[in-house]
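This report concerns only the one structure given below.
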Amino acid sequence: MKKIRFKKGVASFYIVAFAALLLVIVASSFALVVVSEIGRASNSDLSRSAYDSALAGVEDAKLAVLNYQACLEQGYTYTGSLSNDGSINCNDIIYYMKNPNCDMVANILGRQIDPETGEVQISESHGAANNMSQAYTCVMVATTLSDYRADLDSSNTSKIINVSLEDESLISSIKYVKLSWHSAQDEMGLDYANFIEEDSGAWRTAFQPTDDELAVPPMLSLQLVQTANSFTLGEVNSKMSLGGNGKAETDRATVFLVPTNREDGASESGETYVGAYSNDGGNEITAEQMAATNNLEKNLPYVVYCPDDQDGEFLCSVKIELPDPIGFSNGGGRNPDTFMFVVSLPYGQPGTEFALELCTVEEACLTQGAEINNGSADGVVILKDMQVEIDSTGKANDLYRRVKVRTGEAESASAYLPYAIQAIDNGNGNEVKIEKLLEVKSEYSAAEYGN
């Protein structure tokens with residue numbers, strides 16, 4: 001039998017080979033991890049830089065809007081053409097705002113635009129090279145919008161919305177308002193304020209939210225303020241009346257809206273709540289119901305059905321038929337200077353985003369789906385100079401970021417006076433004092449008080 005012989009050192013060779021292979025694999029893996037992290041960090045840095053570029057476009061857009069407002073306050077109007085005299089004047093600024101394009105902000109501010117790419121380059125510091133090729137590529141500004149959007153929270157519990165329309169002739173044709181709230185951006189777990197007890201099926205007599213019982217989505221209130229073209233202060237303070245057309249008329253109304261995820265709770269009435277959910281599957285409040293709320297004895301909260309499987313942009317939505325202002329049926333029409341809404345967060349928490357739409361026909365303000373129409377549906381009234389929407393795209397190298405924001409009112413001039421009365425002497429224009437004599441009488445003498 002032949003004897004098998006093994007050479008000395010073969011085992012050591014295999015051990016060294018496998019060890020070397022293992023070290024190569026470990027080193028290669030480590031190198032791949034390092035390269036991957038470097039790439040991730042680079043992309044993160046580029047993404048942040050592109051975001052900063054987009055924000056730079058937003059800030060430039062704000063400056064452009066301020067210039068636009070200053071031109072309007074000086075009395076300039078839209079002429080329909082550019083001056084083409086080599087300078088940027090108010091006629092040009094208004095033209096660019098009325099004819100938006102990607103270069104409108106750069107043109108208004110006189111920024112240097114790259115002739116090949118149309119980009120506005122951004123330097124990392126004054127006089128420094130633009131190593132990341134940062135720029136904003138397209139910045140659009142819109143002052144005519146289909147809805148009004150804002151946020152409410154504990155530091156900003158109310159929003160006054162003074163209505164201004166692109167077509168002012170539609171002011172008296174507005175019949176409905178749609179209020180939607182609690183979007184996907186409101187990052188809080190759902191905890192509805194249900195008003196029917198699970199066991200007994202009875203309505204709760206009151207709802208007192210506490211830190212342990214924070215209602216999500218939150219309760220909102222919507223206040224309507226309006227007048228006819230001709231009105232008296234007594235009419236503003238009066239209760240609901242019936243106009244010549246038999247429709248409810250009022251100059252003020254406030255409705256409280258309480259979300260629930262129980263359809264039966266939102267469609268039935270209780271002692272302290274009124275159901276707003278109707279048979280056609282939407283939350284509705286009639287003009288008569290809205291007008292009756294200025295009688296404090298009958299101003300009951302309305303329960304709004306907000307299904308937690310809602311596919312729309314907002315979880316809650318309600319359509320409210322607007323009552324006419326007092327005197328409307330007598331040919332007075334609605335006064336555009338006194339038409340406003342106040343959306344409030346009565347309990348101050350939790351914060352929420354909301355959207356408000358105005359419609360001339362019922363179909364345009366349907367609440368099913370709680371979608372915002374964005375002007376695509378006939379009957380949605382286009383709002384003018386109530387807000388500014390800025391859409392900015394920034395880049396860093398070959399990575400792009402887009403930012404879309406809403407700012408405050410487009411007009412810098414406020415419709416609300418900082419004081420109630422101002423008296424001016426017609427002779428020299430100086431302010432004069434307003435004096436009023438007040439007498440305080442008491443049936444007790446000083447002696448009775450020991451003085």
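Residues are named by chain letter and number: chains run A, B, ... in the order of the structure tokens, numbers start at 1 in each chain, and ligands are numbered from 1 in the order shown.
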
From a DSSP pass on the backbone, collect the residues of range 55-188 of chain A flagged as strand (DSSP E or B) and hand them back as an mmCIF file with C-alpha atoms, in the first residue's frame.
```
data_model
loop_
_atom_site.group_PDB
_atom_site.id
_atom_site.type_symbol
_atom_site.label_atom_id
_atom_site.label_comp_id
_atom_site.auth_asym_id
_atom_site.auth_seq_id
_atom_site.Cartn_x
_atom_site.Cartn_y
_atom_site.Cartn_z
ATOM 1 C CA VAL A 120 -29.187 83.316 -10.732
ATOM 2 C CA GLN A 121 -25.862 82.327 -9.200
ATOM 3 C CA ALA A 135 -28.224 79.048 -7.859
ATOM 4 C CA TYR A 136 -31.969 79.458 -7.874
ATOM 5 C CA THR A 137 -33.362 78.396 -11.205
ATOM 6 C CA CYS A 138 -37.032 79.380 -11.073
ATOM 7 C CA VAL A 139 -38.934 81.575 -8.633
ATOM 8 C CA MET A 140 -42.645 82.185 -9.209
ATOM 9 C CA VAL A 141 -44.809 84.597 -7.200
ATOM 10 C CA ALA A 142 -48.625 84.497 -7.199
ATOM 11 C CA THR A 143 -50.970 86.962 -5.496
ATOM 12 C CA THR A 144 -54.193 85.535 -6.982
ATOM 13 C CA LEU A 145 -55.099 82.238 -5.308
ATOM 14 C CA TYR A 148 -56.569 81.155 1.912
ATOM 15 C CA ARG A 149 -54.240 79.024 4.055
ATOM 16 C CA ALA A 150 -52.711 79.613 7.458
ATOM 17 C CA ASP A 151 -51.664 77.906 10.688
ATOM 18 C CA LEU A 152 -53.182 78.261 14.143
ATOM 19 C CA ASP A 153 -51.417 77.412 17.389
ATOM 20 C CA ASN A 156 -51.484 82.551 17.212
ATOM 21 C CA SER A 158 -56.951 83.596 15.523
ATOM 22 C CA LYS A 159 -56.651 84.674 11.924
ATOM 23 C CA ILE A 160 -58.602 87.624 10.515
ATOM 24 C CA ILE A 161 -59.305 87.131 6.813
ATOM 25 C CA ASN A 162 -60.350 90.284 4.993
ATOM 26 C CA LEU A 165 -61.448 89.253 -4.920
ATOM 27 C CA TYR A 176 -70.865 79.246 0.317
ATOM 28 C CA VAL A 177 -67.662 78.993 2.301
ATOM 29 C CA LYS A 178 -65.680 75.784 2.740
ATOM 30 C CA LEU A 179 -63.442 75.392 5.778
ATOM 31 C CA SER A 180 -60.962 72.492 5.886
ATOM 32 C CA TRP A 181 -58.425 71.712 8.596
ATOM 33 C CA HIS A 182 -55.988 69.155 10.045
ATOM 34 C CA SER A 183 -53.746 68.217 7.141
#
```

Give one line per residue of range 294-409 of chain A that approaches range 54-75 of chain A to at most 12 Å, naming the two atoms of the closest pair and their distance in Å to one decimal, counting only C-alpha atoms; sort by chain then ascending residue number and deliver it as a tab-separated table.
```
residue	atom	partner	partner_atom	distance
A:Asp385	CA	A:Gln69	CA	9.9
A:Gln387	CA	A:Val65	CA	10.8
A:Val388	CA	A:Val65	CA	8.2
A:Glu389	CA	A:Ala61	CA	9.7
A:Ile390	CA	A:Val58	CA	6.5
A:Asp391	CA	A:Val58	CA	7.6
A:Ser392	CA	A:Ala54	CA	5.3
A:Thr393	CA	A:Ala54	CA	5.0
A:Gly394	CA	A:Ala54	CA	3.9
A:Lys395	CA	A:Ala54	CA	7.3
A:Ala396	CA	A:Ala54	CA	9.8
A:Leu399	CA	A:Ala54	CA	11.6
A:Tyr400	CA	A:Ala54	CA	8.7
A:Arg401	CA	A:Ala54	CA	6.6
A:Arg402	CA	A:Ala54	CA	6.3
A:Val403	CA	A:Ala54	CA	6.2
A:Lys404	CA	A:Val58	CA	8.6
A:Val405	CA	A:Val58	CA	8.2
A:Arg406	CA	A:Val58	CA	10.2
A:Thr407	CA	A:Lys62	CA	8.6
A:Gly408	CA	A:Lys62	CA	10.4
A:Glu409	CA	A:Val65	CA	10.5
```

Grab the residues selected above and save them as an mmCIF file, in the first residue's frame with C-alpha atoms.
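What follows is the written file part_6.cif:
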```cif
data_model
loop_
_atom_site.group_PDB
_atom_site.id
_atom_site.type_symbol
_atom_site.label_atom_id
_atom_site.label_comp_id
_atom_site.auth_asym_id
_atom_site.auth_seq_id
_atom_site.Cartn_x
_atom_site.Cartn_y
_atom_site.Cartn_z
ATOM 1 C CA ASP A 385 -53.813 90.178 -2.707
ATOM 2 C CA GLN A 387 -51.741 86.119 0.459
ATOM 3 C CA VAL A 388 -48.552 85.626 -1.520
ATOM 4 C CA GLU A 389 -47.528 82.169 -2.713
ATOM 5 C CA ILE A 390 -43.839 81.711 -3.557
ATOM 6 C CA ASP A 391 -42.619 78.682 -5.520
ATOM 7 C CA SER A 392 -38.805 78.551 -5.568
ATOM 8 C CA THR A 393 -36.418 75.953 -7.027
ATOM 9 C CA GLY A 394 -32.750 75.943 -5.995
ATOM 10 C CA LYS A 395 -29.765 73.859 -7.043
ATOM 11 C CA ALA A 396 -26.289 72.886 -5.891
ATOM 12 C CA LEU A 399 -29.065 68.383 -7.171
ATOM 13 C CA TYR A 400 -32.304 70.405 -7.018
ATOM 14 C CA ARG A 401 -34.701 71.291 -4.183
ATOM 15 C CA ARG A 402 -38.085 72.983 -4.438
ATOM 16 C CA VAL A 403 -39.764 75.084 -1.760
ATOM 17 C CA LYS A 404 -43.357 76.321 -1.787
ATOM 18 C CA VAL A 405 -44.472 78.766 0.897
ATOM 19 C CA ARG A 406 -47.326 81.108 1.732
ATOM 20 C CA THR A 407 -46.610 84.479 3.266
ATOM 21 C CA GLY A 408 -48.940 87.036 4.823
ATOM 22 C CA GLU A 409 -51.226 89.492 3.119
#
```

For Val216 in chain A, the closest of A:Asp308, A:Glu284, A:Asp167, A:Glu268 counting only C-alpha atoms is A:Asp308

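Summary of the local environment: counting only C-alpha atoms, residues at most 7 Å from Asp147 in chain A, other than itself and those fewer than 5 positions away along its chain, are A:Ala355, A:Leu356, A:Glu357, A:Leu383.
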
Output file for the selection above: N, CA and C atoms, as a CSV table (one decimal), in the first residue's frame:
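New file result.csv:
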```
chain,number,residue,atom,x,y,z
A,355,ALA,N,-57.6,75.7,5.6
A,355,ALA,CA,-57.8,76.3,4.3
A,355,ALA,C,-59.2,76.8,4.2
A,356,LEU,N,-59.4,78.0,3.5
A,356,LEU,CA,-60.7,78.6,3.4
A,356,LEU,C,-60.9,78.9,1.9
A,357,GLU,N,-62.1,78.4,1.4
A,357,GLU,CA,-62.5,78.7,0.0
A,357,GLU,C,-63.8,79.3,0.0
A,383,LEU,N,-59.1,84.6,-5.1
A,383,LEU,CA,-58.8,85.7,-4.2
A,383,LEU,C,-57.6,86.5,-4.7
```

Correct to one decimal, the distance CA of Glu321 in chain A-CA of Thr157 in chain A is 24.3 Å

**Study point:** Counting only C-alpha atoms, the option among A:Leu170, A:Tyr305, A:Ser278, A:Pro100 closest to Val381 in chain A
**Key:**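 Closest residue, counting only C-alpha atoms: A:Leu170.
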
**Report entry** Selected residue, from A:Pro325, A:Gly86, A:Pro301, A:Gly275, that lies nearest to Phe339 in chain A when counting only C-alpha atoms
**Finding:**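 Of all the options, A:Pro325 lies closest to Phe339 in chain A.
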
With a distance cut-off of 9 Å and only C-alpha atoms, select the neighbouring residues of range 331-334 of chain A, excluding the residue or stretch itself and same-chain residues fewer than 4 positions from it, and output the selection as a ChimeraX atom specification.
/A:171-173,226-231,324-327,338-339

How would the residues just picked look written out with C-alpha atoms as a PDB file, in the first residue's frame?
```pdb
ATOM      1  CA  ILE A 171     -68.690  89.843  -4.000  1.00  0.00           C
ATOM      2  CA  SER A 172     -72.490  89.602  -3.811  1.00  0.00           C
ATOM      3  CA  SER A 173     -72.539  86.241  -5.614  1.00  0.00           C
ATOM      4  CA  GLN A 226     -70.459  91.404   6.725  1.00  0.00           C
ATOM      5  CA  THR A 227     -72.745  94.293   5.864  1.00  0.00           C
ATOM      6  CA  ALA A 228     -74.740  95.524   2.922  1.00  0.00           C
ATOM      7  CA  ASN A 229     -73.438  98.550   1.023  1.00  0.00           C
ATOM      8  CA  SER A 230     -75.665 100.702   3.201  1.00  0.00           C
ATOM      9  CA  PHE A 231     -75.971  99.751   6.877  1.00  0.00           C
ATOM     10  CA  ASP A 324     -77.235  87.478   3.291  1.00  0.00           C
ATOM     11  CA  PRO A 325     -76.268  90.714   5.044  1.00  0.00           C
ATOM     12  CA  ILE A 326     -79.157  92.743   6.423  1.00  0.00           C
ATOM     13  CA  GLY A 327     -80.618  94.836   3.621  1.00  0.00           C
ATOM     14  CA  THR A 338     -66.723  94.962   5.442  1.00  0.00           C
ATOM     15  CA  PHE A 339     -66.688  91.313   4.330  1.00  0.00           C
TER      16      PHE A 339
END
```
